[in-house]
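One file, start_21.pdb, carrying PDB, C-alpha atoms and all ligand atoms:
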ATOM      1  CA  MET A   1      -3.370  10.453 -12.189
ATOM      2  CA  ASN A   2      -6.184  13.050 -12.022
ATOM      3  CA  THR A   3      -5.027  15.871  -9.712
ATOM      4  CA  LYS A   4      -8.223  15.609  -7.683
ATOM      5  CA  LEU A   5      -7.368  12.059  -6.652
ATOM      6  CA  ILE A   6      -5.562  11.628  -3.324
ATOM      7  CA  ASP A   7      -2.974   8.985  -4.175
ATOM      8  CA  GLY A   8      -2.815   6.627  -1.188
ATOM      9  CA  LYS A   9      -0.117   4.504  -2.807
ATOM     10  CA  GLU A  10       2.191   7.501  -3.235
ATOM     11  CA  ILE A  11       1.595   8.809   0.293
ATOM     12  CA  ALA A  12       2.139   5.297   1.671
ATOM     13  CA  LYS A  13       5.430   5.060  -0.260
ATOM     14  CA  LYS A  14       6.642   8.382   1.152
ATOM     15  CA  LYS A  15       5.684   7.470   4.723
ATOM     16  CA  ARG A  16       7.285   4.015   4.450
ATOM     17  CA  SER A  17      10.524   5.530   3.208
ATOM     18  CA  GLU A  18      10.568   7.928   6.205
ATOM     19  CA  MET A  19       9.905   4.994   8.527
ATOM     20  CA  LYS A  20      12.720   2.964   6.988
ATOM     21  CA  SER A  21      15.175   5.659   8.077
ATOM     22  CA  ARG A  22      13.637   5.721  11.552
ATOM     23  CA  VAL A  23      14.102   1.946  11.846
ATOM     24  CA  VAL A  24      17.776   2.320  10.839
ATOM     25  CA  GLU A  25      18.218   4.835  13.690
ATOM     26  CA  LEU A  26      16.433   2.535  16.139
ATOM     27  CA  LYS A  27      18.646  -0.383  15.115
ATOM     28  CA  ARG A  28      21.689   1.798  15.814
ATOM     29  CA  LEU A  29      20.283   2.189  19.339
ATOM     30  CA  GLY A  30      19.970  -1.583  19.594
ATOM     31  CA  VAL A  31      16.213  -1.764  19.036
ATOM     32  CA  GLN A  32      14.576  -3.584  16.141
ATOM     33  CA  PRO A  33      10.768  -3.269  16.064
ATOM     34  CA  HIS A  34       9.140  -6.701  16.023
ATOM     35  CA  LEU A  35       5.540  -7.519  15.051
ATOM     36  CA  ALA A  36       3.667 -10.774  15.712
ATOM     37  CA  VAL A  37       0.646 -11.536  13.520
ATOM     38  CA  ILE A  38      -1.944 -14.195  14.327
ATOM     39  CA  LEU A  39      -4.015 -15.554  11.454
ATOM     40  CA  VAL A  40      -6.732 -18.146  11.965
ATOM     41  CA  GLY A  41      -8.228 -19.931   8.969
ATOM     42  CA  GLU A  42      -7.911 -19.747   5.223
ATOM     43  CA  ASP A  43      -9.860 -16.643   4.223
ATOM     44  CA  PRO A  44      -8.098 -15.648   0.963
ATOM     45  CA  ALA A  45      -8.360 -11.880   1.547
ATOM     46  CA  SER A  46      -7.013 -12.193   5.113
ATOM     47  CA  LYS A  47      -4.127 -14.351   3.870
ATOM     48  CA  THR A  48      -3.263 -11.679   1.280
ATOM     49  CA  TYR A  49      -3.401  -8.854   3.846
ATOM     50  CA  VAL A  50      -1.180 -10.813   6.242
ATOM     51  CA  LYS A  51       1.307 -11.562   3.469
ATOM     52  CA  ASN A  52       1.319  -7.854   2.554
ATOM     53  CA  LYS A  53       1.900  -6.929   6.203
ATOM     54  CA  GLU A  54       4.886  -9.302   6.372
ATOM     55  CA  LYS A  55       6.294  -7.887   3.126
ATOM     56  CA  ALA A  56       5.820  -4.280   4.284
ATOM     57  CA  CYS A  57       7.619  -5.048   7.576
ATOM     58  CA  GLN A  58      10.504  -6.648   5.713
ATOM     59  CA  GLU A  59      10.819  -3.676   3.322
ATOM     60  CA  ILE A  60      11.405  -1.202   6.133
ATOM     61  CA  GLY A  61      13.407  -3.438   8.489
ATOM     62  CA  ILE A  62      10.721  -4.431  11.008
ATOM     63  CA  LEU A  63      10.920  -8.074  12.146
ATOM     64  CA  SER A  64       7.711 -10.035  11.788
ATOM     65  CA  ASN A  65       6.398 -13.489  12.681
ATOM     66  CA  VAL A  66       3.152 -14.916  11.407
ATOM     67  CA  PHE A  67       1.418 -17.597  13.470
ATOM     68  CA  HIS A  68      -1.046 -19.297  11.143
ATOM     69  CA  TYR A  69      -3.648 -21.588  12.750
ATOM     70  CA  GLU A  70      -6.146 -23.945  11.142
ATOM     71  CA  THR A  71      -9.787 -22.811  10.957
ATOM     72  CA  ASP A  72     -10.973 -25.218  13.686
ATOM     73  CA  THR A  73      -8.311 -24.150  16.231
ATOM     74  CA  ASP A  74      -9.939 -23.564  19.628
ATOM     75  CA  GLU A  75     -10.078 -20.191  21.346
ATOM     76  CA  ARG A  76      -7.860 -21.367  24.237
ATOM     77  CA  THR A  77      -4.948 -22.078  21.884
ATOM     78  CA  ILE A  78      -5.114 -18.532  20.508
ATOM     79  CA  LEU A  79      -5.413 -17.055  24.010
ATOM     80  CA  GLN A  80      -2.361 -19.048  25.155
ATOM     81  CA  LYS A  81      -0.367 -17.789  22.163
ATOM     82  CA  ILE A  82      -1.347 -14.196  22.972
ATOM     83  CA  GLU A  83      -0.292 -14.690  26.612
ATOM     84  CA  GLN A  84       3.076 -15.990  25.455
ATOM     85  CA  LEU A  85       3.554 -13.049  23.057
ATOM     86  CA  ASN A  86       2.449 -10.569  25.745
ATOM     87  CA  SER A  87       5.204 -11.767  28.050
ATOM     88  CA  ASP A  88       7.906 -11.936  25.361
ATOM     89  CA  PRO A  89       9.990  -8.725  25.703
ATOM     90  CA  ALA A  90      11.310  -9.129  22.137
ATOM     91  CA  ILE A  91       7.796  -8.638  20.703
ATOM     92  CA  HIS A  92       6.620  -5.011  20.453
ATOM     93  CA  GLY A  93       3.373  -5.391  18.523
ATOM     94  CA  ILE A  94       0.674  -8.076  18.342
ATOM     95  CA  LEU A  95      -2.225  -8.219  15.943
ATOM     96  CA  VAL A  96      -4.921 -10.764  15.244
ATOM     97  CA  GLN A  97      -6.144 -10.619  11.661
ATOM     98  CA  LEU A  98      -9.925 -10.092  11.440
ATOM     99  CA  PRO A  99     -12.409 -11.560  10.800
ATOM    100  CA  LEU A 100     -11.935 -14.614  13.020
ATOM    101  CA  PRO A 101     -13.874 -17.869  12.511
ATOM    102  CA  GLU A 102     -17.313 -17.745  14.184
ATOM    103  CA  HIS A 103     -16.472 -20.118  17.063
ATOM    104  CA  ILE A 104     -13.831 -17.686  18.332
ATOM    105  CA  ASP A 105     -14.951 -14.665  20.352
ATOM    106  CA  ALA A 106     -13.090 -11.755  18.742
ATOM    107  CA  LYS A 107     -13.856  -9.421  21.665
ATOM    108  CA  LYS A 108     -12.256 -11.860  24.127
ATOM    109  CA  ILE A 109      -9.220 -12.286  21.875
ATOM    110  CA  ILE A 110      -8.678  -8.530  21.459
ATOM    111  CA  ARG A 111      -9.023  -7.959  25.230
ATOM    112  CA  ALA A 112      -6.310 -10.568  25.825
ATOM    113  CA  ILE A 113      -3.688  -8.506  23.951
ATOM    114  CA  ASP A 114      -1.468  -6.325  26.159
ATOM    115  CA  PRO A 115      -2.719  -2.772  25.368
ATOM    116  CA  LYS A 116       0.936  -1.660  25.100
ATOM    117  CA  LYS A 117       1.360  -4.129  22.217
ATOM    118  CA  ASP A 118      -2.064  -3.535  20.622
ATOM    119  CA  VAL A 119      -0.802  -1.994  17.363
ATOM    120  CA  ASP A 120      -4.286  -2.296  15.797
ATOM    121  CA  GLY A 121      -5.658   0.009  18.514
ATOM    122  CA  PHE A 122      -8.704  -2.219  19.028
ATOM    123  CA  HIS A 123      -8.302  -2.907  22.795
ATOM    124  CA  PRO A 124     -10.923  -1.159  25.017
ATOM    125  CA  ILE A 125      -8.077   0.498  26.988
ATOM    126  CA  ASN A 126      -6.753   2.120  23.812
ATOM    127  CA  ILE A 127     -10.263   3.105  22.698
ATOM    128  CA  GLY A 128     -10.954   4.674  26.102
ATOM    129  CA  LYS A 129      -7.630   6.519  26.160
ATOM    130  CA  ARG A 130      -8.232   7.855  22.662
ATOM    131  CA  ILE A 131     -11.645   9.227  23.651
ATOM    132  CA  LEU A 132     -10.051  10.931  26.672
ATOM    133  CA  GLY A 133      -7.369  12.434  24.414
ATOM    134  CA  GLU A 134      -4.568  10.402  26.024
ATOM    135  CA  LYS A 135      -1.672   8.803  24.130
ATOM    136  CA  SER A 136      -2.922   5.531  22.652
ATOM    137  CA  PHE A 137      -2.711   3.314  19.613
ATOM    138  CA  ILE A 138      -5.105   4.534  16.942
ATOM    139  CA  PRO A 139      -6.678   1.982  14.546
ATOM    140  CA  CYS A 140      -4.719   1.908  11.300
ATOM    141  CA  THR A 141      -7.422   2.821   8.771
ATOM    142  CA  PRO A 142      -8.693   5.977  10.549
ATOM    143  CA  LEU A 143      -5.109   6.997  11.342
ATOM    144  CA  GLY A 144      -4.284   6.550   7.646
ATOM    145  CA  ILE A 145      -7.205   8.795   6.680
ATOM    146  CA  ILE A 146      -5.957  11.596   8.949
ATOM    147  CA  VAL A 147      -2.441  11.306   7.482
ATOM    148  CA  MET A 148      -3.895  11.404   3.943
ATOM    149  CA  LEU A 149      -5.916  14.531   4.706
ATOM    150  CA  GLU A 150      -2.803  16.196   6.159
ATOM    151  CA  GLU A 151      -0.669  15.176   3.166
ATOM    152  CA  ALA A 152      -3.343  16.483   0.772
ATOM    153  CA  GLY A 153      -3.318  19.828   2.628
ATOM    154  CA  VAL A 154      -6.969  19.545   3.674
ATOM    155  CA  SER A 155      -7.708  21.704   6.711
ATOM    156  CA  ILE A 156     -10.057  20.087   9.203
ATOM    157  CA  SER A 157     -10.694  22.700  11.906
ATOM    158  CA  GLY A 158     -14.180  24.213  11.657
ATOM    159  CA  LYS A 159     -15.204  21.943   8.768
ATOM    160  CA  HIS A 160     -18.380  19.892   8.747
ATOM    161  CA  ALA A 161     -17.324  16.246   8.545
ATOM    162  CA  VAL A 162     -20.041  13.712   7.820
ATOM    163  CA  VAL A 163     -19.175  10.081   8.579
ATOM    164  CA  VAL A 164     -21.360   7.444   6.939
ATOM    165  CA  GLY A 165     -20.860   4.187   8.879
ATOM    166  CA  ARG A 166     -20.389   3.496  12.582
ATOM    167  CA  SER A 167     -18.102   0.454  12.809
ATOM    168  CA  ASN A 168     -15.686   0.204  15.737
ATOM    169  CA  ILE A 169     -12.748  -0.105  13.317
ATOM    170  CA  VAL A 170     -13.436   2.860  11.023
ATOM    171  CA  GLY A 171     -16.629   4.917  11.461
ATOM    172  CA  LYS A 172     -16.592   5.601  15.203
ATOM    173  CA  PRO A 173     -12.842   6.295  15.518
ATOM    174  CA  ILE A 174     -12.538   8.520  12.419
ATOM    175  CA  GLY A 175     -15.391  10.715  13.703
ATOM    176  CA  GLN A 176     -13.626  11.003  17.065
ATOM    177  CA  LEU A 177     -10.282  11.876  15.448
ATOM    178  CA  LEU A 178     -11.908  14.556  13.280
ATOM    179  CA  LEU A 179     -13.665  15.947  16.357
ATOM    180  CA  ASP A 180     -10.281  16.134  18.129
ATOM    181  CA  LYS A 181      -9.105  18.231  15.182
ATOM    182  CA  ASP A 182     -12.041  20.616  15.712
ATOM    183  CA  ALA A 183     -14.329  19.444  12.927
ATOM    184  CA  THR A 184     -18.084  19.490  13.491
ATOM    185  CA  VAL A 185     -18.955  15.828  13.117
ATOM    186  CA  THR A 186     -22.205  14.189  12.040
ATOM    187  CA  TYR A 187     -22.540  10.398  12.103
ATOM    188  CA  CYS A 188     -24.912   8.655   9.683
ATOM    189  CA  HIS A 189     -25.703   4.937   9.572
ATOM    190  CA  SER A 190     -28.106   2.323   8.259
ATOM    191  CA  LYS A 191     -31.028   3.742  10.256
ATOM    192  CA  THR A 192     -30.422   7.365   9.195
ATOM    193  CA  LYS A 193     -33.487   8.717   7.427
ATOM    194  CA  ASN A 194     -32.820  10.641   4.212
ATOM    195  CA  LEU A 195     -29.037  10.139   4.158
ATOM    196  CA  LYS A 196     -28.594  12.635   1.313
ATOM    197  CA  GLU A 197     -29.885  15.466   3.539
ATOM    198  CA  TYR A 198     -26.677  15.012   5.584
ATOM    199  CA  THR A 199     -24.118  14.033   2.954
ATOM    200  CA  VAL A 200     -24.812  17.173   0.870
ATOM    201  CA  GLN A 201     -23.806  19.285   3.890
ATOM    202  CA  ALA A 202     -20.361  17.666   4.212
ATOM    203  CA  ASP A 203     -17.158  19.629   3.645
ATOM    204  CA  ILE A 204     -15.409  16.335   4.379
ATOM    205  CA  LEU A 205     -17.390  13.195   3.609
ATOM    206  CA  ILE A 206     -16.124   9.838   4.918
ATOM    207  CA  VAL A 207     -17.971   6.785   3.620
ATOM    208  CA  ALA A 208     -17.400   3.374   5.205
ATOM    209  CA  VAL A 209     -20.497   1.238   4.727
ATOM    210  CA  GLY A 210     -19.545  -1.519   2.286
ATOM    211  CA  LYS A 211     -22.158  -0.702  -0.390
ATOM    212  CA  SER A 212     -20.901  -0.494  -3.967
ATOM    213  CA  ARG A 213     -21.101   3.052  -5.393
ATOM    214  CA  LEU A 214     -23.776   4.155  -2.899
ATOM    215  CA  ILE A 215     -22.767   7.823  -3.056
ATOM    216  CA  LYS A 216     -23.600   9.572  -6.332
ATOM    217  CA  ALA A 217     -22.963  13.094  -7.631
ATOM    218  CA  ASP A 218     -26.208  14.484  -6.235
ATOM    219  CA  ASP A 219     -25.278  13.237  -2.748
ATOM    220  CA  VAL A 220     -22.214  15.489  -2.411
ATOM    221  CA  LYS A 221     -21.632  19.211  -2.007
ATOM    222  CA  GLU A 222     -19.705  21.100  -4.686
ATOM    223  CA  GLY A 223     -16.026  21.251  -3.629
ATOM    224  CA  ALA A 224     -16.298  18.568  -0.933
ATOM    225  CA  VAL A 225     -13.376  16.317   0.068
ATOM    226  CA  VAL A 226     -14.486  12.688  -0.159
ATOM    227  CA  ILE A 227     -12.773   9.758   1.555
ATOM    228  CA  ASP A 228     -13.977   6.402   0.281
ATOM    229  CA  VAL A 229     -13.237   3.549   2.705
ATOM    230  CA  GLY A 230     -15.398   0.991   0.865
ATOM    231  CA  MET A 231     -13.884  -2.121  -0.695
ATOM    232  CA  ASN A 232     -16.551  -3.967  -2.607
ATOM    233  CA  ARG A 233     -16.912  -6.116  -5.693
ATOM    234  CA  ASP A 234     -19.388  -4.783  -8.250
ATOM    235  CA  GLU A 235     -21.675  -6.921 -10.458
ATOM    236  CA  ASN A 236     -18.699  -7.586 -12.784
ATOM    237  CA  GLY A 237     -16.412  -8.613  -9.931
ATOM    238  CA  LYS A 238     -14.458  -5.345 -10.198
ATOM    239  CA  LEU A 239     -13.120  -3.791  -6.972
ATOM    240  CA  CYS A 240     -15.008  -0.578  -6.205
ATOM    241  CA  GLY A 241     -15.663   1.759  -3.303
ATOM    242  CA  ASP A 242     -18.780   3.090  -1.592
ATOM    243  CA  VAL A 243     -18.619   6.185  -3.810
ATOM    244  CA  ASP A 244     -19.311   6.349  -7.535
ATOM    245  CA  THR A 245     -15.929   7.988  -8.180
ATOM    246  CA  LEU A 246     -16.397   8.737 -11.891
ATOM    247  CA  GLU A 247     -19.782  10.361 -11.334
ATOM    248  CA  VAL A 248     -18.685  12.345  -8.285
ATOM    249  CA  LEU A 249     -15.242  13.445  -9.561
ATOM    250  CA  PRO A 250     -16.321  16.623 -11.481
ATOM    251  CA  LYS A 251     -18.101  17.941  -8.386
ATOM    252  CA  VAL A 252     -15.591  17.326  -5.577
ATOM    253  CA  SER A 253     -12.306  19.094  -4.787
ATOM    254  CA  ARG A 254     -10.451  15.904  -3.699
ATOM    255  CA  ILE A 255     -11.350  12.231  -3.523
ATOM    256  CA  THR A 256      -9.599   8.966  -2.619
ATOM    257  CA  PRO A 257      -9.763   6.243  -5.301
ATOM    258  CA  VAL A 258     -10.522   2.543  -4.733
ATOM    259  CA  PRO A 259      -8.175   0.741  -5.048
ATOM    260  CA  GLY A 260      -5.116   2.845  -4.260
ATOM    261  CA  GLY A 261      -6.638   5.262  -1.744
ATOM    262  CA  VAL A 262      -7.244   4.437   1.907
ATOM    263  CA  GLY A 263      -6.269   0.733   1.569
ATOM    264  CA  PRO A 264      -2.486   1.159   1.211
ATOM    265  CA  MET A 265      -2.470   3.536   4.201
ATOM    266  CA  THR A 266      -3.864   0.847   6.544
ATOM    267  CA  ILE A 267      -0.733  -1.317   6.425
ATOM    268  CA  THR A 268       1.507   1.777   6.440
ATOM    269  CA  MET A 269      -0.014   2.930   9.730
ATOM    270  CA  LEU A 270       0.449  -0.558  11.181
ATOM    271  CA  LEU A 271       4.178  -0.090  10.574
ATOM    272  CA  ALA A 272       4.026   3.338  12.248
ATOM    273  CA  ASN A 273       2.233   1.897  15.298
ATOM    274  CA  THR A 274       4.764  -0.947  15.574
ATOM    275  CA  ILE A 275       7.674   1.510  15.522
ATOM    276  CA  GLU A 276       5.870   3.608  18.146
ATOM    277  CA  ALA A 277       5.342   0.512  20.342
ATOM    278  CA  ALA A 278       9.063  -0.297  20.198
ATOM    279  CA  LYS A 279      10.058   3.307  20.938
ATOM    280  CA  THR A 280       7.681   3.542  23.904
ATOM    281  CA  VAL A 281       8.848   0.307  25.542
ATOM    282  CA  HIS A 282      12.503   1.293  25.099
ATOM    283  CA  LYS A 283      11.746   4.863  26.241
ATOM    284  CA  ILE A 284      13.039   6.437  23.006
ATOM    285  CA  GLY A 285      11.455   9.851  22.323
TER     286      GLY A 285
HETATM  287  N1  LIG B 301      -6.502  -7.004  12.579
HETATM  288  C1  LIG B 301      -6.994  -6.327  11.543
HETATM  289  N2  LIG B 301      -7.855  -6.911  10.716
HETATM  290  C2  LIG B 301      -8.364  -6.194   9.665
HETATM  291  C3  LIG B 301      -7.949  -4.860   9.422
HETATM  292  C4  LIG B 301      -7.033  -4.276  10.329
HETATM  293  O1  LIG B 301      -6.641  -3.081  10.214
HETATM  294  N3  LIG B 301      -6.572  -5.046  11.367
HETATM  295  N4  LIG B 301      -8.361  -4.177   8.262
HETATM  296  C5  LIG B 301      -9.008  -4.931   7.200
HETATM  297  C6  LIG B 301      -8.067  -5.631   6.264
HETATM  298  N5  LIG B 301      -6.789  -4.954   5.982
HETATM  299  C7  LIG B 301      -5.769  -5.133   6.852
HETATM  300  O2  LIG B 301      -5.751  -5.971   7.693
HETATM  301  C8  LIG B 301      -6.553  -4.304   4.715
HETATM  302  C9  LIG B 301      -7.569  -4.106   3.796
HETATM  303  C10 LIG B 301      -7.284  -3.542   2.548
HETATM  304  C11 LIG B 301      -6.003  -3.140   2.218
HETATM  305  C12 LIG B 301      -5.655  -2.612   0.869
HETATM  306  O3  LIG B 301      -4.529  -2.255   0.641
HETATM  307  N6  LIG B 301      -6.594  -2.575  -0.083
HETATM  308  C13 LIG B 301      -6.303  -2.232  -1.466
HETATM  309  C14 LIG B 301      -7.024  -3.173  -2.407
HETATM  310  C15 LIG B 301      -6.650  -4.605  -2.204
HETATM  311  C16 LIG B 301      -7.276  -5.517  -3.245
HETATM  312  O4  LIG B 301      -6.953  -5.367  -4.412
HETATM  313  O5  LIG B 301      -8.078  -6.402  -2.854
HETATM  314  C17 LIG B 301      -6.779  -0.818  -1.791
HETATM  315  O6  LIG B 301      -7.796  -0.401  -1.238
HETATM  316  O7  LIG B 301      -6.126  -0.206  -2.626
HETATM  317  C18 LIG B 301      -4.998  -3.328   3.145
HETATM  318  C19 LIG B 301      -5.274  -3.897   4.387
HETATM  319  C20 LIG B 301      -9.907  -5.994   7.814
HETATM  320  N7  LIG B 301      -9.217  -6.780   8.796
HETATM  321 MG    MG B 302     -29.618   9.508  -5.617
END

Can you turn what I pasted into structure tokens?
Ligand SMILES: Nc1nc2c(c(=O)[nH]1)N[C@@H](CN(C=O)c1ccc(C(=O)N[C@@H](CCC(=O)O)C(=O)O)cc1)CN2
Ligand SMILES: [Mg+2]
Amino acid sequence: MNTKLIDGKEIAKKKRSEMKSRVVELKRLGVQPHLAVILVGEDPASKTYVKNKEKACQEIGILSNVFHYETDTDERTILQKIEQLNSDPAIHGILVQLPLPEHIDAKKIIRAIDPKKDVDGFHPINIGKRILGEKSFIPCTPLGIIVMLEEAGVSISGKHAVVVGRSNIVGKPIGQLLLDKDATVTYCHSKTKNLKEYTVQADILIVAVGKSRLIKADDVKEGAVVIDVGMNRDENGKLCGDVDTLEVLPKVSRITPVPGGVGPMTITMLLANTIEAAKTVHKIG
């Protein structure tokens, strides 16, 4: 692999191996982390992610249960299941795979999850706590990006980080996390005029917009660190990111590939959050 590429698969492997040992220790203390996953519908990508989550849990010794509901299941049924999982002391983490079918209000569903079991970090209580700098669950993709930057030895303090994208799952939280690490953060989005004017200033450029190869060589600063969160299909059906990696590579100092960059870290951080949930409830430091 090109030395400029930040290998998400390798970092994920290392982190998962560390977590496996932590789970062994927890089991010795009589605690086995346990994740419940709710999947509604037949979206092929969601089914794959859920299967991969189950497999990842199994690999490191976390228990997992998947509750798979038909597409036309009503909201009440899902809310009742969440209530039941909230009150089950054996369950440490609950996640609802997104996106949900249109007739289900995702906001309502996420708010129903006990914030102490919200291992996706999507509940408003966890978002609020994070903004206040209090201990909280951090959404898995942004948390994975921070871990990748640390593992790649990228210093954040004092750097200009430019975040392209403002979703609640990636854009907003990653900007906040970088700010907490003393970066100067600029947010750009679909209404930003002359995007390039901002991206060329970035020491650390995070792109999470869902537009195939939007960022080209002339959009980045020489020596920048580029984190590509995009997962798109190009005109040939090939998986690609929001950054034109081949074009940008000679100019940047480090860059995450797609696939094999940020993606594998998302599920890895879900495992970390589930372990943390179990440790917190059992008061293990
Ligand atoms: N409840 C949640 N729903 C969704 C989340 C989430 O964190 N919580 N994130 C995404 C989907 N997702 C996990 O759920 C996810 C996406 C991508 C990957 C990944 O490993 N991608 C690979 C490529 C996979 C491929 O070949 O298609 C990569 O980038 O290398 C893992 C997890 C939305 N929903
Ligand atoms: Mg251009």

Box dimensions and centre (Å, one decimal) enclosing ligand LIG 301 (chain B), axis-aligned, 3 Å extra per side, as JSON:
{"center_x": -7.2, "center_y": -3.6, "center_z": 4.1, "size_x": 11.4, "size_y": 12.8, "size_z": 23.0}

Practice task
Have a look at A:Pro124, A:Gly223, A:Gly261, A:Pro44 and name the one nearest to A:Ile110; count only C-alpha atoms.
Solution key: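 Closest to A:Ile110 of all the choices is A:Pro124.
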
Compile a residue-level contact table for stretch 168-280 of chain A against stretch 49-59 of chain A at a cut-off of 12 Å, reporting for every qualifying residue the shortest atom pair and its distance in Å to one decimal, with only C-alpha atoms counted, rows ordered by chain and ascending number, as CSV.
residue,atom,partner,partner_atom,distance
A:Gly263,CA,A:Tyr49,CA,10.3
A:Pro264,CA,A:Asn52,CA,9.9
A:Met265,CA,A:Ala56,CA,11.4
A:Thr266,CA,A:Lys53,CA,9.7
A:Ile267,CA,A:Lys53,CA,6.2
A:Thr268,CA,A:Ala56,CA,7.7
A:Met269,CA,A:Lys53,CA,10.6
A:Leu270,CA,A:Lys53,CA,8.2
A:Leu271,CA,A:Cys57,CA,6.7
A:Ala272,CA,A:Cys57,CA,10.2
A:Asn273,CA,A:Cys57,CA,11.7
A:Thr274,CA,A:Cys57,CA,9.4
A:Ile275,CA,A:Cys57,CA,10.3

Practice task
On this file, the PyMOL selection byres (((chain A and resi 211-222) around 6) and not hetatm) gives some set of residues; write that set as a ChimeraX atom specification.
Solution key: /A:196,199-200,209-210,223-224,232,241-244,247-248,251-252

Fill in the blank from the handout: Judged by only C-alpha atoms and all ligand atoms, the minimum distance to ligand LIG 301 (chain B) among A:Leu205, A:Leu98, A:Ala90, A:Leu26 is found for A:Leu98

Exercise for the section: Enter the distance from atom CA of A:Lys283 to atom CA of A:Asp88, in Å, rounded to one decimal. Expected result: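 Distance reported for this atom pair: 17.3 Å.
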
Practice task
Might you spell out which residues the PyMOL selection byres (((chain A and resi 34) around 8) and not hetatm) would select in the displayed file, as an MDAnalysis selection string?
Solution key: chainID A and resid 32:33 35:36 62:64 90:93 274 278

Store the residues picked out above in a file with C-alpha atoms, as a short mmCIF file (atom, residue, chain, number, x, y, z; two decimals), keeping the file's coordinate frame.
data_model
loop_
_atom_site.label_atom_id
_atom_site.label_comp_id
_atom_site.auth_asym_id
_atom_site.auth_seq_id
_atom_site.Cartn_x
_atom_site.Cartn_y
_atom_site.Cartn_z
CA GLN A 32 14.58 -3.58 16.14
CA PRO A 33 10.77 -3.27 16.06
CA LEU A 35 5.54 -7.52 15.05
CA ALA A 36 3.67 -10.77 15.71
CA ILE A 62 10.72 -4.43 11.01
CA LEU A 63 10.92 -8.07 12.15
CA SER A 64 7.71 -10.04 11.79
CA ALA A 90 11.31 -9.13 22.14
CA ILE A 91 7.80 -8.64 20.70
CA HIS A 92 6.62 -5.01 20.45
CA GLY A 93 3.37 -5.39 18.52
CA THR A 274 4.76 -0.95 15.57
CA ALA A 278 9.06 -0.30 20.20
#

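When the PyMOL selection byres (((chain A and resi 179) around 12) and not hetatm) is evaluated against the file, it yields A:Arg130, A:Ile131, A:Gly133, A:Ile146, A:Ile156, A:Ser157, A:Gly158, A:Lys159, A:His160, A:Ala161, A:Val162, A:Val163, A:Lys172, A:Pro173, A:Ile174, A:Gly175, A:Gln176, A:Leu177, A:Leu178, A:Asp180, A:Lys181, A:Asp182, A:Ala183, A:Thr184, A:Val185, A:Thr186, A:Tyr187.
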
Please save C-alpha atoms of the selected residues as a short mmCIF file (atom, residue, chain, number, x, y, z; two decimals), in the coordinates of the input.
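Full text of selection.cif as output:
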data_model
loop_
_atom_site.label_atom_id
_atom_site.label_comp_id
_atom_site.auth_asym_id
_atom_site.auth_seq_id
_atom_site.Cartn_x
_atom_site.Cartn_y
_atom_site.Cartn_z
CA ARG A 130 -8.23 7.86 22.66
CA ILE A 131 -11.64 9.23 23.65
CA GLY A 133 -7.37 12.43 24.41
CA ILE A 146 -5.96 11.60 8.95
CA ILE A 156 -10.06 20.09 9.20
CA SER A 157 -10.69 22.70 11.91
CA GLY A 158 -14.18 24.21 11.66
CA LYS A 159 -15.20 21.94 8.77
CA HIS A 160 -18.38 19.89 8.75
CA ALA A 161 -17.32 16.25 8.54
CA VAL A 162 -20.04 13.71 7.82
CA VAL A 163 -19.18 10.08 8.58
CA LYS A 172 -16.59 5.60 15.20
CA PRO A 173 -12.84 6.30 15.52
CA ILE A 174 -12.54 8.52 12.42
CA GLY A 175 -15.39 10.72 13.70
CA GLN A 176 -13.63 11.00 17.07
CA LEU A 177 -10.28 11.88 15.45
CA LEU A 178 -11.91 14.56 13.28
CA ASP A 180 -10.28 16.13 18.13
CA LYS A 181 -9.10 18.23 15.18
CA ASP A 182 -12.04 20.62 15.71
CA ALA A 183 -14.33 19.44 12.93
CA THR A 184 -18.08 19.49 13.49
CA VAL A 185 -18.95 15.83 13.12
CA THR A 186 -22.20 14.19 12.04
CA TYR A 187 -22.54 10.40 12.10
#

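Among the candidates A:Ile38, A:Val207, A:Ile113, A:Leu195, the residue lying nearest to ligand MG 302 (chain B) is A:Leu195 (atoms considered: all atoms listed in the file).
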